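Colleague: What follows is a structure written as structure tokens; I'll ask about it next.
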Amino acid sequence: MKIFCTGASGYIGGSVAMHLAAAGHHVTGLVRSAEKADGVRALGIDPWLGTLDDAERLAQAARAADIVVNAASADHKGAAVAMLDALAGSGKPFIHTSGSSIVGTRSRGERSDVVFDEDTPITPSPARVARVALNEVILSYRDKGCRPVIICPSLIYGVGHGAGRDSVQVPLLIKLAKKRGNAAHAGPGENIWSNVHIDDLVPLYTLAIDRAPAGAFYFAENGENSMREVCETINRMLGIAGPPSAMSMEEAAAEWGEGTAEDTMASNSRVRAPRARQLGWKPKAPSLIEEIERGCYRE
Ligand SMILES: NC(=O)c1ccc[n+]([C@@H]2O[C@H](COP(=O)([O-])OP(=O)(O)OC[C@H]3O[C@@H](n4cnc5c(N)ncnc54)[C@H](OP(=O)(O)O)[C@@H]3O)[C@@H](O)[C@H]2O)c1
């Protein structure tokens, strides 16, 4: 099959594109520089130069493909709509990548007991209103003759397979632990994120391409941990004795920026993924704690 993938030089898109190319598909990947083009070509992906703002080029690439995987941005409405309009009436799948911070609440490092599955109504925080609205727009294309599907991963960990090797939260925490000589969470660190290994996430894209019905939405998770547990494990991995430190929200914002500190590092995002499992998804990669303590993050 001919597959067009945005984010082909990134962590999720690169991993999915590599996997699909290795499975024998012809994968064309959106890249925004000649250097990135060389990088993806070396991995067996045909580069397609452009950006998410090039609506006409995106539409052209989508029309030429049998399947579109959108993994560059959970938030770029113009790009998603340009590709979906191009696919309308074709019956072709459009697999979009969202992110489970759509259920996140700013809790300054405190625990929340609210857990979401795909049927739980979401009242998004102000920072995620537009993302939730975009998801609705994307799913509405089920009535326009194509097959929109959303995969909504939680915190992703593990080494990427393609050009983009690193995810977000865990590398940020490890980098900070090395800088300070001690791991540090924002606030008390009791806030919890569900998580999923990149090696497990990638096969969910394949399953979605093969089997997901039009308008389906899937969370992706296979466990959850508090940020304090993650930081304690980072200390063990780095051989640092003693407990991690608790940063004030002001310190955390100074390290990571206000939005990342509040919405990504000190929030809760607890989801369950029954629908993905009903689709036949069987995650089996090592847990986040194992991967930090004995796996790819260990030095
Ligand atoms: N990583 C996670 O834990 C996680 C979890 C859930 C959801 N998500 C969401 O999934 C999406 C992808 O995440 P990721 O971790 O794969 O990020 P990433 O590693 O930064 O990759 C993003 C990719 O998109 C490309 N891109 C970004 N803006 C673009 C633009 N304007 N035009 C063309 N290409 C553009 C980047 O190109 P360059 O290489 O040129 O920068 C890169 O290839 C994000 O929206 C993220 O919020 C991530």
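Note on naming: chains are A, B, ... as they come in the structure tokens, residues start from 1 per chain, ligands start from 1 in the order shown.
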Which neighbours of segment 25-28 of chain A fall inside 10 Å, counting only C-alpha atoms, when residues of the same chain fewer than 2 positions from it are skipped, and could you give them as a ChimeraX atom specification?
Modeller: /A:1-6,8,16-23,30-31,40-41,44-49,61-62,64-68
Colleague: Using DSSP on the backbone coordinates, identify the residues of segment 148-242 of chain A assigned to helix (DSSP H, G or I); present them as a ChimeraX atom specification.
Modeller: /A:169-180,198-211,227-238
Colleague: For the residues in that selection, give me N, CA, C and O atoms as a compact mmCIF listing (two decimals), in the first residue's frame.
Modeller:
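What landed in out_34.txt:
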# COMPACT_ATOMS: atom_id res chain seq x y z
N GLN A 169 8.48 13.42 28.43
CA GLN A 169 8.57 13.55 29.89
C GLN A 169 9.79 12.86 30.50
O GLN A 169 10.52 13.45 31.29
N VAL A 170 9.99 11.57 30.17
CA VAL A 170 11.06 10.82 30.84
C VAL A 170 12.44 11.42 30.52
O VAL A 170 13.24 11.67 31.44
N PRO A 171 12.76 11.72 29.24
CA PRO A 171 14.05 12.36 28.98
C PRO A 171 14.22 13.70 29.71
O PRO A 171 15.31 14.00 30.18
N LEU A 172 13.12 14.47 29.84
CA LEU A 172 13.23 15.74 30.57
C LEU A 172 13.59 15.49 32.03
O LEU A 172 14.44 16.19 32.60
N LEU A 173 12.96 14.49 32.63
CA LEU A 173 13.23 14.19 34.05
C LEU A 173 14.65 13.67 34.24
O LEU A 173 15.32 14.01 35.22
N ILE A 174 15.12 12.85 33.30
CA ILE A 174 16.49 12.30 33.43
C ILE A 174 17.52 13.42 33.27
O ILE A 174 18.49 13.53 34.03
N LYS A 175 17.27 14.29 32.28
CA LYS A 175 18.20 15.41 32.04
C LYS A 175 18.29 16.30 33.29
O LYS A 175 19.38 16.70 33.71
N LEU A 176 17.14 16.57 33.89
CA LEU A 176 17.12 17.43 35.08
C LEU A 176 17.82 16.75 36.26
O LEU A 176 18.55 17.39 37.01
N ALA A 177 17.60 15.43 36.40
CA ALA A 177 18.24 14.69 37.50
C ALA A 177 19.76 14.76 37.37
O ALA A 177 20.47 14.94 38.37
N LYS A 178 20.25 14.66 36.14
CA LYS A 178 21.71 14.73 35.93
C LYS A 178 22.22 16.13 36.25
O LYS A 178 23.28 16.30 36.85
N LYS A 179 21.45 17.13 35.85
CA LYS A 179 21.88 18.51 36.08
C LYS A 179 21.94 18.83 37.57
O LYS A 179 22.88 19.43 38.05
N ARG A 180 20.91 18.37 38.31
CA ARG A 180 20.82 18.72 39.73
C ARG A 180 21.52 17.72 40.64
O ARG A 180 21.65 17.97 41.84
N ILE A 198 6.74 2.77 23.19
CA ILE A 198 6.68 3.03 21.75
C ILE A 198 6.59 1.71 20.95
O ILE A 198 5.90 1.65 19.93
N ASP A 199 7.22 0.65 21.46
CA ASP A 199 7.16 -0.65 20.76
C ASP A 199 5.75 -1.23 20.77
O ASP A 199 5.41 -2.05 19.91
N ASP A 200 4.96 -0.87 21.76
CA ASP A 200 3.56 -1.31 21.80
C ASP A 200 2.65 -0.37 21.02
O ASP A 200 1.66 -0.80 20.43
N LEU A 201 3.00 0.91 21.04
CA LEU A 201 2.15 1.90 20.36
C LEU A 201 2.15 1.66 18.84
O LEU A 201 1.09 1.72 18.20
N VAL A 202 3.31 1.38 18.29
CA VAL A 202 3.42 1.25 16.83
C VAL A 202 2.45 0.19 16.27
O VAL A 202 1.74 0.47 15.29
N PRO A 203 2.38 -1.01 16.86
CA PRO A 203 1.44 -2.00 16.31
C PRO A 203 -0.03 -1.57 16.39
O PRO A 203 -0.86 -2.08 15.63
N LEU A 204 -0.35 -0.65 17.31
CA LEU A 204 -1.73 -0.17 17.37
C LEU A 204 -2.07 0.62 16.10
O LEU A 204 -3.21 0.58 15.62
N TYR A 205 -1.08 1.31 15.54
CA TYR A 205 -1.33 2.02 14.27
C TYR A 205 -1.65 1.01 13.16
O TYR A 205 -2.54 1.22 12.35
N THR A 206 -0.90 -0.09 13.13
CA THR A 206 -1.15 -1.11 12.10
C THR A 206 -2.54 -1.70 12.26
O THR A 206 -3.27 -1.87 11.28
N LEU A 207 -2.90 -2.00 13.51
CA LEU A 207 -4.23 -2.56 13.77
C LEU A 207 -5.32 -1.57 13.34
O LEU A 207 -6.34 -1.96 12.76
N ALA A 208 -5.10 -0.30 13.67
CA ALA A 208 -6.09 0.73 13.32
C ALA A 208 -6.24 0.82 11.80
O ALA A 208 -7.35 0.93 11.28
N ILE A 209 -5.12 0.76 11.10
CA ILE A 209 -5.18 0.79 9.62
C ILE A 209 -6.00 -0.40 9.11
O ILE A 209 -6.86 -0.27 8.26
N ASP A 210 -5.72 -1.56 9.69
CA ASP A 210 -6.35 -2.80 9.18
C ASP A 210 -7.81 -2.93 9.58
O ASP A 210 -8.63 -3.41 8.80
N ARG A 211 -8.13 -2.54 10.84
CA ARG A 211 -9.43 -2.96 11.39
C ARG A 211 -10.33 -1.88 11.96
O ARG A 211 -11.49 -2.16 12.23
N MET A 227 4.60 10.64 39.10
CA MET A 227 5.87 11.26 38.74
C MET A 227 6.91 11.00 39.83
O MET A 227 8.10 10.88 39.55
N ARG A 228 6.44 10.86 41.08
CA ARG A 228 7.41 10.56 42.13
C ARG A 228 8.02 9.16 41.93
O ARG A 228 9.23 8.98 42.06
N GLU A 229 7.17 8.18 41.57
CA GLU A 229 7.71 6.83 41.30
C GLU A 229 8.73 6.89 40.17
O GLU A 229 9.78 6.22 40.22
N VAL A 230 8.41 7.66 39.13
CA VAL A 230 9.34 7.76 38.00
C VAL A 230 10.66 8.36 38.48
O VAL A 230 11.75 7.85 38.15
N CYS A 231 10.57 9.43 39.29
CA CYS A 231 11.80 10.10 39.77
C CYS A 231 12.59 9.19 40.71
O CYS A 231 13.83 9.17 40.66
N GLU A 232 11.90 8.43 41.57
CA GLU A 232 12.62 7.50 42.46
C GLU A 232 13.39 6.47 41.63
O GLU A 232 14.53 6.10 41.94
N THR A 233 12.76 6.02 40.54
CA THR A 233 13.41 5.02 39.69
C THR A 233 14.61 5.63 38.96
O THR A 233 15.65 4.99 38.80
N ILE A 234 14.46 6.88 38.54
CA ILE A 234 15.59 7.56 37.88
C ILE A 234 16.77 7.67 38.85
O ILE A 234 17.92 7.41 38.49
N ASN A 235 16.49 7.99 40.10
CA ASN A 235 17.58 8.05 41.09
C ASN A 235 18.26 6.69 41.24
O ASN A 235 19.49 6.61 41.29
N ARG A 236 17.46 5.63 41.30
CA ARG A 236 18.08 4.28 41.42
C ARG A 236 18.94 4.00 40.19
O ARG A 236 20.05 3.49 40.29
N MET A 237 18.41 4.36 39.01
CA MET A 237 19.14 4.10 37.77
C MET A 237 20.46 4.87 37.73
O MET A 237 21.48 4.36 37.28
N LEU A 238 20.44 6.10 38.25
CA LEU A 238 21.65 6.93 38.21
C LEU A 238 22.55 6.70 39.42
O LEU A 238 23.60 7.33 39.54
Colleague: Sorted by chain and rising residue number, list the residues of chain A at most 6 Å from ligand 1 (counting only C-alpha atoms and all ligand atoms), each with its closest atom pair and distance in Å to one decimal, as JSON lines.
Modeller:
{"residue": "A:Gly7", "atom": "CA", "partner": "ligand 1", "partner_atom_place_in_ligand_line": "24 (O)", "distance": 3.5}
{"residue": "A:Ala8", "atom": "CA", "partner": "ligand 1", "partner_atom_place_in_ligand_line": "43 (O)", "distance": 4.9}
{"residue": "A:Ser9", "atom": "CA", "partner": "ligand 1", "partner_atom_place_in_ligand_line": "43 (O)", "distance": 3.6}
{"residue": "A:Gly10", "atom": "CA", "partner": "ligand 1", "partner_atom_place_in_ligand_line": "21 (O)", "distance": 3.3}
{"residue": "A:Tyr11", "atom": "CA", "partner": "ligand 1", "partner_atom_place_in_ligand_line": "16 (O)", "distance": 3.7}
{"residue": "A:Ile12", "atom": "CA", "partner": "ligand 1", "partner_atom_place_in_ligand_line": "16 (O)", "distance": 3.8}
{"residue": "A:Gly13", "atom": "CA", "partner": "ligand 1", "partner_atom_place_in_ligand_line": "16 (O)", "distance": 5.6}
{"residue": "A:Val31", "atom": "CA", "partner": "ligand 1", "partner_atom_place_in_ligand_line": "34 (N)", "distance": 5.7}
{"residue": "A:Arg32", "atom": "CA", "partner": "ligand 1", "partner_atom_place_in_ligand_line": "40 (O)", "distance": 5.2}
{"residue": "A:Thr51", "atom": "CA", "partner": "ligand 1", "partner_atom_place_in_ligand_line": "32 (N)", "distance": 3.4}
{"residue": "A:Leu52", "atom": "CA", "partner": "ligand 1", "partner_atom_place_in_ligand_line": "32 (N)", "distance": 3.9}
{"residue": "A:Ala71", "atom": "CA", "partner": "ligand 1", "partner_atom_place_in_ligand_line": "12 (C)", "distance": 5.2}
{"residue": "A:Ala72", "atom": "CA", "partner": "ligand 1", "partner_atom_place_in_ligand_line": "24 (O)", "distance": 3.3}
{"residue": "A:Ser73", "atom": "CA", "partner": "ligand 1", "partner_atom_place_in_ligand_line": "45 (O)", "distance": 3.4}
{"residue": "A:Ala74", "atom": "CA", "partner": "ligand 1", "partner_atom_place_in_ligand_line": "45 (O)", "distance": 3.8}
{"residue": "A:Thr97", "atom": "CA", "partner": "ligand 1", "partner_atom_place_in_ligand_line": "10 (O)", "distance": 5.6}
{"residue": "A:Ser98", "atom": "CA", "partner": "ligand 1", "partner_atom_place_in_ligand_line": "7 (C)", "distance": 5.4}
{"residue": "A:Gly99", "atom": "CA", "partner": "ligand 1", "partner_atom_place_in_ligand_line": "7 (C)", "distance": 3.6}
{"residue": "A:Pro153", "atom": "CA", "partner": "ligand 1", "partner_atom_place_in_ligand_line": "6 (C)", "distance": 4.5}
{"residue": "A:Ser154", "atom": "CA", "partner": "ligand 1", "partner_atom_place_in_ligand_line": "6 (C)", "distance": 5.2}
{"residue": "A:Leu155", "atom": "CA", "partner": "ligand 1", "partner_atom_place_in_ligand_line": "3 (O)", "distance": 4.3}
{"residue": "A:Ile156", "atom": "CA", "partner": "ligand 1", "partner_atom_place_in_ligand_line": "3 (O)", "distance": 3.9}
{"residue": "A:Gly164", "atom": "CA", "partner": "ligand 1", "partner_atom_place_in_ligand_line": "19 (O)", "distance": 5.2}
{"residue": "A:Ser167", "atom": "CA", "partner": "ligand 1", "partner_atom_place_in_ligand_line": "1 (N)", "distance": 4.3}
{"residue": "A:Val168", "atom": "CA", "partner": "ligand 1", "partner_atom_place_in_ligand_line": "1 (N)", "distance": 5.3}
Colleague: Between atom CA of Ser125 of chain A and atom CA of Met83 of chain A, what distance in Å does the model show, to one decimal?
Modeller: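 According to the coordinates, atom CA of Ser125 of chain A and atom CA of Met83 of chain A are separated by 27.2 Å.
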Colleague: Tell me, in Å to one decimal, how far atom CA of Tyr141 of chain A is from atom CA of Trp281 of chain A.
Modeller: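 Separation between atom CA of Tyr141 of chain A and atom CA of Trp281 of chain A: 24.4 Å.
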Colleague: Which of these residues is nearest to Ala214 of chain A, using only C-alpha atoms: A:Arg108, A:Lys282, A:Arg142, A:Arg63?
Modeller: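 So, comparing all the options, the nearest one is A:Arg142.
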Colleague: Which residues are close to His185 of chain A, i.e. within 8 Å by only C-alpha atoms, leaving aside same-chain residues fewer than 2 positions away? Reply as a ChimeraX atom specification.
Modeller: /A:109,173,183,187-189,227-228,231,244-247,252,265-266
Colleague: I need the residue nearest Val271 of chain A from this list: A:Glu118, A:Asn135, A:Ile289, A:Leu58. Use only C-alpha atoms for the distance.
Modeller: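 Among A:Glu118, A:Asn135, A:Ile289, A:Leu58, it is A:Glu118 that comes nearest to Val271 of chain A.
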Colleague: Quick one: of A:Pro126, A:Gly223, A:Gly91, A:Gly242, who's nearest to Leu288 of chain A, counting only C-alpha atoms?
Modeller: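 Residue with the minimum atom-to-atom distance to Leu288 of chain A: A:Gly223.
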Colleague: Pick the closest to Ala130 of chain A from A:Asp75, A:Asp113, A:Asp263, A:Glu290: which is it, counting only C-alpha atoms?
Modeller: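 Of A:Asp75, A:Asp113, A:Asp263, A:Glu290, the one nearest Ala130 of chain A is A:Asp75, counting only C-alpha atoms.
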Colleague: Which of these, A:Arg106, A:Lys144, A:Arg270, A:Arg165, has the shortest distance to Glu258 of chain A once you count only C-alpha atoms?
Modeller: A:Arg106
Colleague: Looking only at the backbone, which of the residues in segment 15-245 of chain A does DSSP tag as strand (DSSP E), as a ChimeraX atom specification?
Modeller: /A:26-31,46-49,67-70,93-97,105-106,147-153,155-157,184-186,192-197,216-220,224-226,245
Colleague: Under the rule that only C-alpha atoms are counted, which of A:Gly162, A:Gly239, A:Gly89, A:Gly181 is the nearest residue to Ala42 of chain A?
Modeller: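 Of A:Gly162, A:Gly239, A:Gly89, A:Gly181, the one nearest Ala42 of chain A is A:Gly162, counting only C-alpha atoms.
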Colleague: Using only C-alpha atoms, determine which residues lie at most 12 Å from Pro213 of chain A, disregarding the query and same-chain residues fewer than 4 positions distant; provide the list as a PyMOL selection string.
Modeller: chain A and resi 91-95+139+142+146-150+207-209+217-218+275-276+279
Colleague: Which value, in Å to one decimal, gives the distance between atom CA of Ala79 of chain A and atom CA of Val129 of chain A?
Modeller: 17.9 Å
